[in-house]
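Next comes run35.txt, with compact mmCIF, C-alpha atoms.
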# COMPACT_ATOMS: atom_id res chain seq x y z
CA MET A 1 0.02 5.09 -3.48
CA LYS A 2 -3.52 5.10 -4.66
CA ALA A 3 -5.45 8.21 -5.62
CA LEU A 4 -4.93 11.80 -4.71
CA ARG A 5 -5.78 11.53 -1.11
CA LEU A 6 -7.32 12.47 2.22
CA HIS A 7 -7.50 8.39 1.42
CA ALA A 8 -10.42 8.96 -0.65
CA GLY A 9 -9.71 12.58 -0.85
CA ILE A 10 -6.05 13.34 -0.42
CA ARG A 11 -4.72 10.03 -1.36
CA PRO A 12 -7.19 7.59 -1.19
CA ALA A 13 -5.28 7.09 2.00
CA LEU A 14 -8.03 7.58 4.41
CA GLY A 15 -9.74 4.68 2.69
CA SER A 16 -13.25 5.69 1.70
CA PHE A 17 -15.18 7.19 4.61
CA MET A 18 -18.39 5.37 5.41
CA ALA A 19 -21.48 6.12 7.49
CA ILE A 20 -21.10 3.23 9.87
CA GLY A 21 -23.00 2.38 13.02
CA LEU A 22 -21.23 1.21 16.13
CA ILE A 23 -21.54 -2.08 17.93
CA LEU A 24 -19.92 -3.31 21.10
CA SER A 25 -17.56 -6.26 20.76
CA ALA A 26 -17.34 -9.03 23.31
CA ALA A 27 -14.08 -7.50 24.47
CA GLY A 28 -15.84 -4.21 25.21
CA ILE A 29 -14.32 -2.22 22.34
CA ALA A 30 -16.69 0.06 20.43
CA SER A 31 -16.41 -1.35 16.94
CA ALA A 32 -17.41 -0.09 13.50
CA ALA A 33 -19.42 -2.31 11.19
CA LEU A 34 -16.35 -4.00 9.83
CA PRO A 35 -16.51 -6.15 6.69
CA SER A 36 -17.53 -9.78 6.63
CA THR A 37 -14.83 -12.32 7.47
CA THR A 38 -15.85 -14.52 4.51
CA PRO A 39 -14.68 -13.43 1.03
CA ASP A 40 -17.12 -12.79 -1.80
CA ASP A 41 -16.96 -14.93 -4.93
CA THR A 42 -14.83 -12.66 -7.11
CA LEU A 43 -12.07 -13.30 -9.59
CA GLY A 44 -8.48 -13.46 -8.44
CA THR A 45 -5.18 -13.43 -10.31
CA ASP A 46 -2.49 -16.01 -11.05
CA GLY A 47 0.23 -13.98 -9.33
CA LYS A 48 0.90 -11.42 -6.63
CA VAL A 49 -1.07 -8.17 -6.33
CA ARG A 50 0.68 -5.01 -5.14
CA GLU A 51 -1.90 -2.24 -5.55
CA ILE A 52 -5.61 -1.56 -6.17
CA VAL A 53 -7.35 1.68 -7.23
CA GLN A 54 -10.80 2.46 -8.57
CA VAL A 55 -12.22 4.85 -11.16
CA GLY A 56 -16.01 4.80 -11.41
CA ASN A 57 -16.93 1.14 -11.33
CA VAL A 58 -13.62 -0.04 -12.80
CA LEU A 59 -11.26 -1.63 -10.28
CA TRP A 60 -7.64 -1.55 -11.43
CA VAL A 61 -5.26 -4.16 -10.04
CA GLY A 62 -1.49 -4.05 -10.46
CA GLY A 63 1.23 -6.55 -9.61
CA ARG A 64 2.97 -9.45 -11.31
CA PHE A 65 0.48 -11.77 -13.02
CA SER A 66 -0.75 -12.87 -16.45
CA ALA A 67 -4.43 -13.77 -15.94
CA LEU A 68 -7.64 -13.33 -14.00
CA VAL A 69 -8.74 -16.68 -12.55
CA ASP A 70 -11.71 -18.20 -10.74
CA ARG A 71 -11.52 -19.88 -7.34
CA LYS A 72 -10.35 -23.15 -8.91
CA GLY A 73 -7.51 -21.38 -10.70
CA ASN A 74 -9.17 -21.64 -14.12
CA VAL A 75 -8.24 -18.78 -16.43
CA VAL A 76 -11.15 -16.43 -17.10
CA GLU A 77 -9.16 -13.73 -18.88
CA GLY A 78 -5.63 -14.52 -20.02
CA GLY A 79 -2.98 -12.61 -21.90
CA LEU A 80 -2.65 -9.92 -19.25
CA ASN A 81 0.65 -8.27 -18.40
CA ASN A 82 0.72 -7.18 -14.76
CA LEU A 83 -2.44 -5.07 -14.92
CA ALA A 84 -6.14 -6.03 -14.80
CA ALA A 85 -9.53 -4.31 -14.79
CA LEU A 86 -12.51 -5.71 -12.86
CA ASP A 87 -16.10 -4.64 -12.46
CA ALA A 88 -16.14 -3.40 -8.86
CA THR A 89 -19.75 -4.50 -8.35
CA THR A 90 -19.63 -8.02 -9.75
CA GLY A 91 -15.97 -8.83 -9.19
CA ARG A 92 -15.80 -10.16 -12.77
CA VAL A 93 -13.99 -8.87 -15.87
CA ALA A 94 -14.71 -5.19 -16.59
CA GLN A 95 -16.35 -4.91 -20.00
CA GLY A 96 -15.29 -2.42 -22.67
CA VAL A 97 -11.88 -1.74 -21.10
CA ASP A 98 -8.66 -2.03 -23.11
CA VAL A 99 -6.14 -3.07 -20.44
CA PRO A 100 -2.61 -1.80 -21.18
CA ASP A 101 0.17 -4.40 -21.51
CA LEU A 102 3.10 -3.59 -19.24
CA THR A 103 5.87 -5.97 -20.24
CA GLY A 104 9.60 -6.63 -20.00
CA SER A 105 12.05 -8.80 -18.07
CA ASN A 106 10.71 -9.35 -14.52
CA ALA A 107 8.06 -6.69 -15.18
CA ILE A 108 5.89 -5.67 -12.23
CA VAL A 109 3.48 -2.90 -11.28
CA PHE A 110 4.25 -1.74 -7.74
CA ASP A 111 1.86 1.19 -7.42
CA LEU A 112 -1.15 2.92 -8.94
CA SER A 113 -2.46 6.45 -8.44
CA THR A 114 -5.54 8.20 -9.82
CA ASP A 115 -7.02 11.67 -9.88
CA GLY A 116 -10.45 10.11 -10.35
CA SER A 117 -10.12 10.09 -14.13
CA GLN A 118 -6.61 9.16 -15.25
CA VAL A 119 -4.59 6.33 -13.69
CA TYR A 120 -0.80 6.26 -13.36
CA ALA A 121 0.98 2.91 -13.03
CA ALA A 122 4.53 2.72 -11.69
CA GLY A 123 7.01 -0.13 -11.45
CA THR A 124 9.49 -1.85 -13.72
CA PHE A 125 8.10 -2.33 -17.24
CA GLN A 126 7.90 -1.14 -20.82
CA HIS A 127 4.83 -0.12 -22.81
CA SER A 128 4.75 -0.34 -26.60
CA GLY A 129 3.54 3.26 -26.77
CA GLY A 130 6.96 4.41 -25.55
CA SER A 131 6.50 4.76 -21.80
CA LYS A 132 9.03 3.23 -19.43
CA ASN A 133 8.30 2.40 -15.75
CA LEU A 134 5.53 5.02 -15.56
CA VAL A 135 2.42 5.12 -17.74
CA GLU A 136 -0.78 7.16 -17.88
CA PHE A 137 -4.13 5.73 -19.04
CA ASP A 138 -7.83 6.51 -18.88
CA GLY A 139 -9.42 4.96 -15.79
CA LEU A 140 -12.65 3.99 -17.57
CA THR A 141 -11.38 2.87 -20.98
CA GLY A 142 -7.70 2.01 -20.53
CA GLN A 143 -6.70 4.31 -23.38
CA ILE A 144 -3.06 5.35 -23.09
CA GLY A 145 -2.33 9.02 -22.40
CA ASN A 146 0.94 10.97 -22.20
CA ARG A 147 4.30 9.22 -22.43
CA PHE A 148 6.68 9.05 -19.47
CA SER A 149 10.24 7.81 -19.14
CA ALA A 150 11.23 7.08 -15.56
CA PRO A 151 13.76 5.04 -13.59
CA ALA A 152 12.43 1.91 -11.88
CA LEU A 153 9.75 3.07 -9.42
CA LYS A 154 8.14 1.72 -6.25
CA THR A 155 5.55 4.45 -5.75
CA VAL A 156 3.64 7.10 -7.69
CA LEU A 157 1.30 9.99 -6.83
CA VAL A 158 -0.62 12.32 -9.11
CA ASP A 159 -1.06 15.61 -7.28
CA GLY A 160 -2.55 18.52 -9.20
CA ASN A 161 -0.32 19.21 -12.21
CA LEU A 162 2.49 17.03 -10.91
CA VAL A 163 3.21 13.32 -11.06
CA LEU A 164 5.71 12.21 -8.42
CA GLY A 165 7.56 8.92 -8.62
CA GLY A 166 9.81 7.36 -6.02
CA GLY A 167 12.33 4.54 -6.07
CA LYS A 168 16.06 4.98 -5.55
CA LYS A 169 15.30 8.71 -5.68
CA MET A 170 12.25 10.98 -5.84
CA SER A 171 11.44 12.58 -9.20
CA ALA A 172 8.67 14.79 -10.56
CA TRP A 173 7.05 15.22 -13.97
CA ASN A 174 4.42 17.52 -15.36
CA ARG A 175 1.21 15.81 -16.47
CA ASP A 176 2.44 16.03 -20.08
CA GLY A 177 5.36 13.71 -19.23
CA GLN A 178 8.08 16.36 -19.04
CA SER A 179 10.56 16.15 -16.17
CA VAL A 180 10.40 19.05 -13.69
CA GLY A 181 13.95 20.34 -13.57
CA ALA A 182 13.36 22.63 -10.60
CA PHE A 183 12.23 19.74 -8.39
CA ALA A 184 15.05 18.76 -6.02
CA THR A 185 16.27 15.17 -6.38
CA THR A 186 16.55 13.52 -2.94
CA VAL A 187 18.26 10.19 -2.32
CA PRO A 188 17.53 7.72 0.54
CA LEU A 189 20.44 5.80 2.10
CA THR A 190 20.53 2.92 4.58
CA ASN A 191 23.04 1.92 7.22
CA PRO A 192 23.88 -1.82 6.77
CA ALA A 193 25.13 -2.00 10.35
CA LEU A 194 21.58 -1.59 11.68
CA ARG A 195 20.11 -4.69 10.00
CA ALA A 196 21.09 -8.31 9.59
CA HIS A 197 19.27 -8.55 6.25
CA ASN A 198 19.84 -6.54 3.09
CA THR A 199 17.66 -3.41 2.93
CA PRO A 200 18.22 -1.52 -0.33
CA PRO A 201 17.42 2.18 0.15
CA MET A 202 14.30 3.41 -1.64
CA TYR A 203 11.15 5.45 -1.44
CA THR A 204 8.13 3.15 -0.96
CA ASP A 205 5.10 5.46 -0.74
CA ILE A 206 4.16 9.13 -1.07
CA ALA A 207 1.13 11.18 -0.01
CA PRO A 208 0.28 14.90 -0.08
CA MET A 209 1.02 16.80 3.11
CA PRO A 210 -1.89 18.97 4.28
CA GLY A 211 -0.72 22.55 3.87
CA GLY A 212 1.78 21.79 1.10
CA GLY A 213 4.54 19.40 0.15
CA TRP A 214 4.41 15.65 0.70
CA LEU A 215 5.04 12.87 3.18
CA ALA A 216 6.98 9.84 1.98
CA ALA A 217 7.64 6.40 3.43
CA CYS A 218 11.09 5.06 2.76
CA LYS A 219 13.66 2.40 3.45
CA CYS A 220 16.08 4.96 4.76
CA ASP A 221 18.40 5.96 7.58
CA TRP A 222 19.20 9.25 5.86
CA VAL A 223 17.63 11.10 2.96
CA LEU A 224 20.01 13.50 1.26
CA ASN A 225 19.16 16.83 -0.28
CA PRO A 226 21.34 17.94 -3.21
CA GLY A 227 24.87 18.62 -1.94
CA GLU A 228 24.39 16.84 1.40
CA THR A 229 26.33 13.86 2.71
CA THR A 230 25.66 11.52 5.63
CA GLY A 231 28.10 13.54 7.67
CA THR A 232 26.25 16.81 7.18
CA SER A 233 22.59 15.79 7.05
CA ALA A 234 20.30 14.81 9.90
CA ALA A 235 19.27 11.17 10.27
CA GLU A 236 15.87 10.23 8.83
CA LYS A 237 13.87 7.09 9.46
CA ALA A 238 10.87 5.38 7.82
CA ILE A 239 8.90 8.58 7.03
CA VAL A 240 10.06 11.99 5.84
CA ARG A 241 8.53 15.31 4.88
CA LEU A 242 9.24 16.79 1.45
CA LEU A 243 8.84 20.53 0.99
CA PRO A 244 7.11 21.95 -2.12
CA ASP A 245 10.46 22.24 -3.95
CA GLY A 246 11.22 18.58 -3.28
CA THR A 247 13.81 19.09 -0.52
CA ILE A 248 13.66 17.22 2.80
CA ASP A 249 12.57 19.01 5.96
CA HIS A 250 15.15 17.52 8.33
CA SER A 251 13.41 19.00 11.38
CA TRP A 252 10.11 17.16 10.82
CA ASN A 253 10.21 13.56 12.12
CA LYS A 254 12.02 12.75 15.34
CA ALA A 255 9.54 10.09 16.51
CA VAL A 256 11.74 7.15 15.44
CA LYS A 257 15.16 6.74 17.07
CA SER A 258 18.15 7.07 14.77
CA ASP A 259 19.51 3.64 15.80
CA SER A 260 16.21 1.86 14.99
CA ALA A 261 16.09 -0.75 12.23
CA ALA A 262 12.65 0.54 11.15
CA PHE A 263 11.75 1.32 7.56
CA GLY A 264 8.52 2.60 6.05
CA TRP A 265 6.17 0.72 3.72
CA HIS A 266 2.94 2.66 3.40
CA LEU A 267 1.03 5.75 4.55
CA ALA A 268 -2.63 6.54 5.25
CA LEU A 269 -3.72 10.11 5.88
CA ASP A 270 -6.37 10.99 8.44
CA THR A 271 -7.76 14.36 9.48
CA ASP A 272 -5.54 14.57 12.56
CA GLY A 273 -2.39 12.82 11.40
CA VAL A 274 -0.70 10.19 9.27
CA VAL A 275 -0.54 6.43 9.92
CA LEU A 276 2.66 4.62 8.96
CA ALA A 277 2.92 0.89 8.23
CA ALA A 278 6.51 -0.11 8.96
CA GLY A 279 8.88 -3.04 8.82
CA GLY A 280 12.36 -3.66 10.18
CA SER A 281 11.46 -3.22 13.83
CA ASP A 282 7.83 -3.83 12.72
CA PHE A 283 4.99 -1.58 13.86
CA THR A 284 2.05 0.61 12.88
CA GLN A 285 2.42 4.20 14.10
CA LYS A 286 0.32 7.36 14.03
CA LEU A 287 2.02 10.76 13.88
CA THR A 288 0.69 14.29 14.01
CA TYR A 289 1.28 16.44 10.95
CA GLY A 290 3.92 18.13 13.07
CA GLY A 291 5.89 14.86 13.20
CA GLN A 292 5.12 13.87 16.82
CA GLN A 293 4.03 10.34 17.79
CA ILE A 294 0.38 9.86 18.81
CA TRP A 295 0.56 6.08 19.28
CA LYS A 296 2.56 3.08 18.15
CA THR A 297 1.43 -0.57 17.98
CA ASP A 298 4.06 -3.26 17.58
CA THR A 299 3.63 -6.08 15.06
CA ASP A 300 5.71 -9.25 14.92
CA GLY A 301 6.54 -9.01 11.21
CA SER A 302 6.11 -6.07 8.85
CA SER A 303 3.02 -3.92 8.63
CA GLN A 304 2.93 -3.40 4.85
CA THR A 305 -0.25 -1.45 4.09
CA VAL A 306 -2.90 0.52 5.98
CA ILE A 307 -6.17 2.32 5.23
CA LYS A 308 -8.92 3.94 7.25
CA TYR A 309 -12.23 2.06 7.17
CA GLY A 310 -15.02 3.82 9.05
CA ASP A 311 -13.73 4.30 12.60
CA ARG A 312 -10.99 1.71 12.27
CA TYR A 313 -7.60 1.43 10.64
CA ILE A 314 -7.14 -1.82 8.78
CA VAL A 315 -3.54 -3.01 8.57
CA GLY A 316 -2.17 -5.74 6.33
CA GLY A 317 1.24 -7.36 6.20
CA HIS A 318 3.14 -10.51 7.06
CA PHE A 319 3.05 -10.04 10.84
CA ARG A 320 1.91 -12.91 13.08
CA CYS A 321 1.24 -11.10 16.36
CA VAL A 322 -0.03 -7.62 17.30
CA GLY A 323 0.53 -5.53 20.42
CA ASN A 324 1.65 -7.56 23.41
CA SER A 325 2.44 -10.69 21.37
CA VAL A 326 -1.23 -11.49 20.72
CA PHE A 327 -1.70 -13.92 17.81
CA HIS A 328 -3.53 -12.05 15.02
CA PRO A 329 -1.73 -12.59 11.69
CA ARG A 330 -1.59 -10.61 8.44
CA LEU A 331 -4.82 -8.61 8.64
CA VAL A 332 -6.03 -6.66 11.67
CA ALA A 333 -8.40 -3.81 12.57
CA LEU A 334 -7.08 -1.17 14.98
CA THR A 335 -9.12 1.45 16.82
CA LEU A 336 -8.31 5.10 16.19
CA SER A 337 -6.12 4.93 19.30
CA GLY A 338 -4.15 1.97 17.97
CA GLU A 339 -5.76 -0.87 19.94
CA ARG A 340 -6.33 -4.25 18.31
CA ASP A 341 -10.00 -5.00 17.63
CA PRO A 342 -10.39 -8.72 18.50
CA SER A 343 -13.88 -8.91 16.98
CA TRP A 344 -12.59 -9.04 13.37
CA VAL A 345 -10.40 -12.02 12.52
CA VAL A 346 -9.70 -12.97 8.89
CA PRO A 347 -7.18 -15.79 8.35
CA VAL A 348 -4.92 -15.22 5.33
CA THR A 349 -2.79 -18.11 4.03
CA ASN A 350 -0.52 -19.51 2.72
CA SER A 351 2.33 -17.31 1.50
CA TYR A 352 4.72 -15.62 3.93
CA ASN A 353 4.23 -12.11 2.50
CA GLY A 354 0.48 -11.97 3.14
CA ILE A 355 -1.23 -8.64 2.37
CA TRP A 356 0.27 -5.90 0.19
CA ALA A 357 -2.78 -3.87 -0.89
CA LEU A 358 -6.04 -2.62 0.67
CA HIS A 359 -8.86 -0.68 -0.96
CA SER A 360 -12.32 0.36 0.22
CA ASP A 361 -14.96 1.10 -2.43
CA GLY A 362 -17.38 2.57 0.11
CA HIS A 363 -19.25 -0.59 1.03
CA SER A 364 -16.65 -3.37 0.97
CA LEU A 365 -12.96 -4.06 1.46
CA TRP A 366 -10.67 -5.35 -1.29
CA VAL A 367 -7.39 -7.04 -0.32
CA GLY A 368 -4.46 -8.02 -2.51
CA GLY A 369 -1.14 -9.71 -1.93
CA GLU A 370 0.39 -13.15 -1.89
CA PHE A 371 -2.19 -15.67 -0.67
CA THR A 372 -4.41 -18.43 -2.03
CA ARG A 373 -6.99 -18.78 0.78
CA LEU A 374 -9.00 -16.36 2.91
CA GLY A 375 -11.42 -16.59 5.84
CA GLY A 376 -12.16 -19.59 8.01
CA THR A 377 -10.67 -20.06 11.47
CA TRP A 378 -7.12 -20.07 12.75
CA SER A 379 -6.35 -23.58 13.97
CA PRO A 380 -5.20 -23.68 16.68
CA ALA A 381 -6.71 -20.34 17.70
CA SER A 382 -3.40 -19.19 19.19
CA GLN A 383 -0.04 -19.97 17.61
CA PRO A 384 3.57 -18.84 18.23
CA CYS A 385 4.57 -15.42 16.95
CA GLY A 386 7.60 -17.05 15.33
CA ASN A 387 5.44 -19.32 13.19
CA THR A 388 5.90 -17.92 9.66
CA LYS A 389 3.21 -20.24 8.23
CA PRO A 390 0.21 -20.04 10.59
CA THR A 391 -2.48 -22.66 9.91
CA ALA A 392 -6.24 -22.29 9.47
CA THR A 393 -9.28 -24.44 8.64
CA GLY A 394 -12.55 -23.83 6.78
CA GLN A 395 -10.99 -21.39 4.35
CA THR A 396 -12.21 -20.26 0.93
CA PRO A 397 -9.92 -20.53 -2.11
CA GLN A 398 -9.25 -16.96 -3.25
CA ARG A 399 -6.11 -16.25 -5.25
CA TYR A 400 -4.07 -13.10 -4.61
CA LEU A 401 -7.14 -10.83 -4.65
CA GLY A 402 -10.33 -10.85 -2.58
CA ARG A 403 -13.28 -8.77 -1.46
CA PHE A 404 -15.14 -8.68 1.87
CA SER A 405 -18.58 -7.06 1.73
Just give me the structure as structure tokens.
Amino acid sequence: MKALRLHAGIRPALGSFMAIGLILSAAGIASAALPSTTPDDTLGTDGKVREIVQVGNVLWVGGRFSALVDRKGNVVEGGLNNLAALDATTGRVAQGVDVPDLTGSNAIVFDLSTDGSQVYAAGTFQHSGGSKNLVEFDGLTGQIGNRFSAPALKTVLVDGNLVLGGGKKMSAWNRDGQSVGAFATTVPLTNPALRAHNTPPMYTDIAPMPGGGWLAACKCDWVLNPGETTGTSAAEKAIVRLLPDGTIDHSWNKAVKSDSAAFGWHLALDTDGVVLAAGGSDFTQKLTYGGQQIWKTDTDGSSQTVIKYGDRYIVGGHFRCVGNSVFHPRLVALTLSGERDPSWVVPVTNSYNGIWALHSDGHSLWVGGEFTRLGGTWSPASQPCGNTKPTATGQTPQRYLGRFS
């Protein structure tokens, strides 16, 4: 969950706001000056990218990889352990930065959060300085800060004096690494009867709630406060509200039906509501801060990440179609009312999972995930929604990380 956001402010979940002129697309939709559809020549990684944040001109990239590579796959900086630092301007190796090694069996960084100075990495890993699954470091130098010991985490948020981490449960620490005993521990649960595939319960993202508390995305059909059971608590789904003491506000979200297979992946905060990227029944949805639906756009395959970019929401995932079964895989721009913008088409191939991370640095869009080629043209231009490996031509080799200016 990136920085303390409105997405550049309260999370960075609103993505960085930009002064952007409007143009009219051929389809008649007023469109922001969206990024190029051809990637810049920047370094990539040799493995999947799960999150991107920025401090000053240092771009931090987390995931599961061991090197920064050029477009041919040649190693430019090796010996990395699931974390990298790039120069945001050049897209090359950031100079003078001591990148922490986050190691261990099947180690991975799932999320990064920053207050604009310090960065917090969360996932499954060890650091030689004594931190486990959650580590603090300086965003400009990489110097390690306070020690943390956490269970395996999928998401992290630094919010004022607190650091919140979510996985099988939601926990809170003070900035000095001490656990906050007064913070209520809440536990997501899933109902196996609702889904044909295994969906382990977990928190997947967290963002500050305007006015206090937090919003969290989750793989959940219930989220239990201390002392509650599935027979006594209200059903939850995909997104929940946490009160300032950590407990769940069961009255908040009734926009998703209790028998839905939906689960939440990622949140982006806007001035008038929160946008949820969801899987299971697969959609992108905007809710008011009162928990009521504003709009919902179906995707054939999971929406996995979303940011605001000018007057558009950009959504990434492994979907193949958007809206009324219109072929537009893996990366799409939506208007503020949830309509697909057909003027911006960026083919992403060749891995099924597609896009996991989006970041705007104010003048360009960074994307991360599981891909080896970006740009070009879908060929044929329209393909079946059930095609899990859509094909494209004229693409640029770009491994797991890319930038569109």
ask   = Using all atoms listed in the file, which of the listed residues (A:Leu194, A:Ile294, A:Ile52, A:Cys218) sits closest to Ala121 of chain A?
value =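 Among the listed residues, A:Ile52 lies closest to Ala121 of chain A.
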inquiry  = Report, in Å with one decimal, the straight-line distance from atom CA of Lys389 of chain A to atom CA of Arg50 of chain A.
reply    =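 Between these atoms lies a distance of 20.4 Å.
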request  = Compare A:Val75, A:Ile355, A:Val55, A:Met209 by their minimum atom-to-atom distance to Phe137 of chain A, counting all atoms listed in the file, and give me the closest one.
outcome  = A:Val55
task = Quote the spacing between atom CA of Ala262 of chain A and atom CA of Thr199 of chain A in Å to one decimal place.
result =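 Result for atom CA of Ala262 of chain A versus atom CA of Thr199 of chain A: 10.4 Å, one decimal.
Going from atom CA of Gly291 of chain A to atom CA of Asn191 of chain A covers 22.3 Å.
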Would you write out, as a Markdown table, a table of all residues in segment 300-374 of chain A that have an atom no more than 12 Å from an atom of segment 86-90 of chain A, listing for each the closest atom pair and the distance in Å to one decimal, considering all atoms listed in the file and ordering rows by chain and rising residue number?
| residue | atom | partner | partner_atom | distance |
| --- | --- | --- | --- | --- |
| A:His359 | CA | A:Ala88 | CA | 11.1 |
| A:Ser360 | CA | A:Ala88 | CA | 10.5 |
| A:Asp361 | CA | A:Ala88 | CA | 7.9 |
| A:Gly362 | CA | A:Ala88 | CA | 10.8 |
| A:His363 | CA | A:Thr89 | CA | 10.2 |
| A:Ser364 | CA | A:Ala88 | CA | 9.8 |
| A:Leu365 | CA | A:Ala88 | CA | 10.8 |
| A:Trp366 | CA | A:Ala88 | CA | 9.5 |
Which residues, written as a tab-separated table (two decimals) with C-alpha atoms, keeping the file's coordinate frame, have at least one atom at most 9 Å from Gly73 of chain A, with only C-alpha atoms counted and residues fewer than 6 positions away on the same chain left out?
chain	number	residue	atom	x	y	z
A	44	GLY	CA	-8.48	-13.46	-8.44
A	45	THR	CA	-5.18	-13.43	-10.31
A	46	ASP	CA	-2.49	-16.01	-11.05
A	397	PRO	CA	-9.92	-20.53	-2.11
A	398	GLN	CA	-9.25	-16.96	-3.25
A	399	ARG	CA	-6.11	-16.25	-5.25
task = Check the smallest atom-to-atom distance from each of A:Gly386, A:Gly290, A:Pro151, A:Pro210 to Val326 of chain A using all atoms listed in the file, then report the winner.
result = A:Gly386
List as a Markdown table every residue of segment 147-219 of chain A that is in contact with segment 241-251 of chain A, defined as an atom at most 6 Å from one of its atoms (using all atoms listed in the file), together with the nearest atom pair and the distance in Å rounded to one decimal, sorted by chain and then rising number.
| residue | atom | partner | partner_atom | distance |
| --- | --- | --- | --- | --- |
| A:Phe183 | CA | A:Gly246 | CA | 5.3 |
| A:Ala184 | CA | A:Gly246 | CA | 4.7 |
| A:Gly213 | CA | A:Pro244 | CA | 4.3 |
| A:Trp214 | CA | A:Leu242 | CA | 5.0 |
| A:Leu215 | CA | A:Arg241 | CA | 4.6 |
query = Hey, which of A:Trp295, A:Tyr313, A:Trp60, A:Trp378 ends up closest to Thr114 of chain A? Count all atoms listed in the file.
reply = A:Trp60
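Once Ile108 of chain A and its same-chain neighbours fewer than 6 positions away are set aside, Gly63, Arg64, Asn82, Gly123, Thr124 and Phe125 of chain A remain within 7 Å of it when counting only C-alpha atoms.
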message = Can you tell me which residues surround segment 232-238 of chain A at a distance of at most 10 Å, considering all atoms listed in the file, apart from same-chain residues fewer than 3 positions away, and format the answer as number ranges by chain?
response = A: 188-190, 203-204, 216-225, 227-229, 241, 248-266, 276-280
query = Using only C-alpha atoms, which of the listed residues (A:Gly317, A:Gly78, A:Gly47, A:Gly338) sits closest to Phe65 of chain A?
reply =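 Of all the options, A:Gly47 lies closest to Phe65 of chain A.
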Can you pull out the residues contacting Ala381 of chain A? Cut-off 12 Å, using only C-alpha atoms, and skip same-chain residues under 2 positions away; I want them as an mmCIF file with C-alpha atoms, in the coordinates of the input.
data_model
loop_
_atom_site.group_PDB
_atom_site.id
_atom_site.type_symbol
_atom_site.label_atom_id
_atom_site.label_comp_id
_atom_site.auth_asym_id
_atom_site.auth_seq_id
_atom_site.Cartn_x
_atom_site.Cartn_y
_atom_site.Cartn_z
ATOM 1 C CA VAL A 326 -1.230 -11.490 20.720
ATOM 2 C CA PHE A 327 -1.700 -13.920 17.810
ATOM 3 C CA HIS A 328 -3.530 -12.050 15.020
ATOM 4 C CA PRO A 329 -1.730 -12.590 11.690
ATOM 5 C CA VAL A 345 -10.400 -12.020 12.520
ATOM 6 C CA VAL A 346 -9.700 -12.970 8.890
ATOM 7 C CA PRO A 347 -7.180 -15.790 8.350
ATOM 8 C CA GLY A 376 -12.160 -19.590 8.010
ATOM 9 C CA THR A 377 -10.670 -20.060 11.470
ATOM 10 C CA TRP A 378 -7.120 -20.070 12.750
ATOM 11 C CA SER A 379 -6.350 -23.580 13.970
ATOM 12 C CA GLN A 383 -0.040 -19.970 17.610
ATOM 13 C CA PRO A 384 3.570 -18.840 18.230
ATOM 14 C CA PRO A 390 0.210 -20.040 10.590
ATOM 15 C CA THR A 391 -2.480 -22.660 9.910
ATOM 16 C CA ALA A 392 -6.240 -22.290 9.470
ATOM 17 C CA THR A 393 -9.280 -24.440 8.640
#
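Contact shell of Asp298 of chain A at 7 Å (only C-alpha atoms; same-chain neighbours under 6 positions omitted): A:Asp282, A:Phe283, A:Thr284, A:Val322, A:Gly323.
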Store the residues picked out above, limited to C-alpha atoms, as a PDB file, in the coordinates of the input.
ATOM      1  CA  ASP A 282       7.830  -3.830  12.720  1.00  0.00           C
ATOM      2  CA  PHE A 283       4.990  -1.580  13.860  1.00  0.00           C
ATOM      3  CA  THR A 284       2.050   0.610  12.880  1.00  0.00           C
ATOM      4  CA  VAL A 322      -0.030  -7.620  17.300  1.00  0.00           C
ATOM      5  CA  GLY A 323       0.530  -5.530  20.420  1.00  0.00           C
TER       6      GLY A 323
END
query = Hey, which of A:Thr297, A:Ser171, A:Thr42, A:Thr37 ends up closest to Val156 of chain A? Count only C-alpha atoms.
reply =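 Answer, going by the shortest atom-to-atom distance: A:Ser171.
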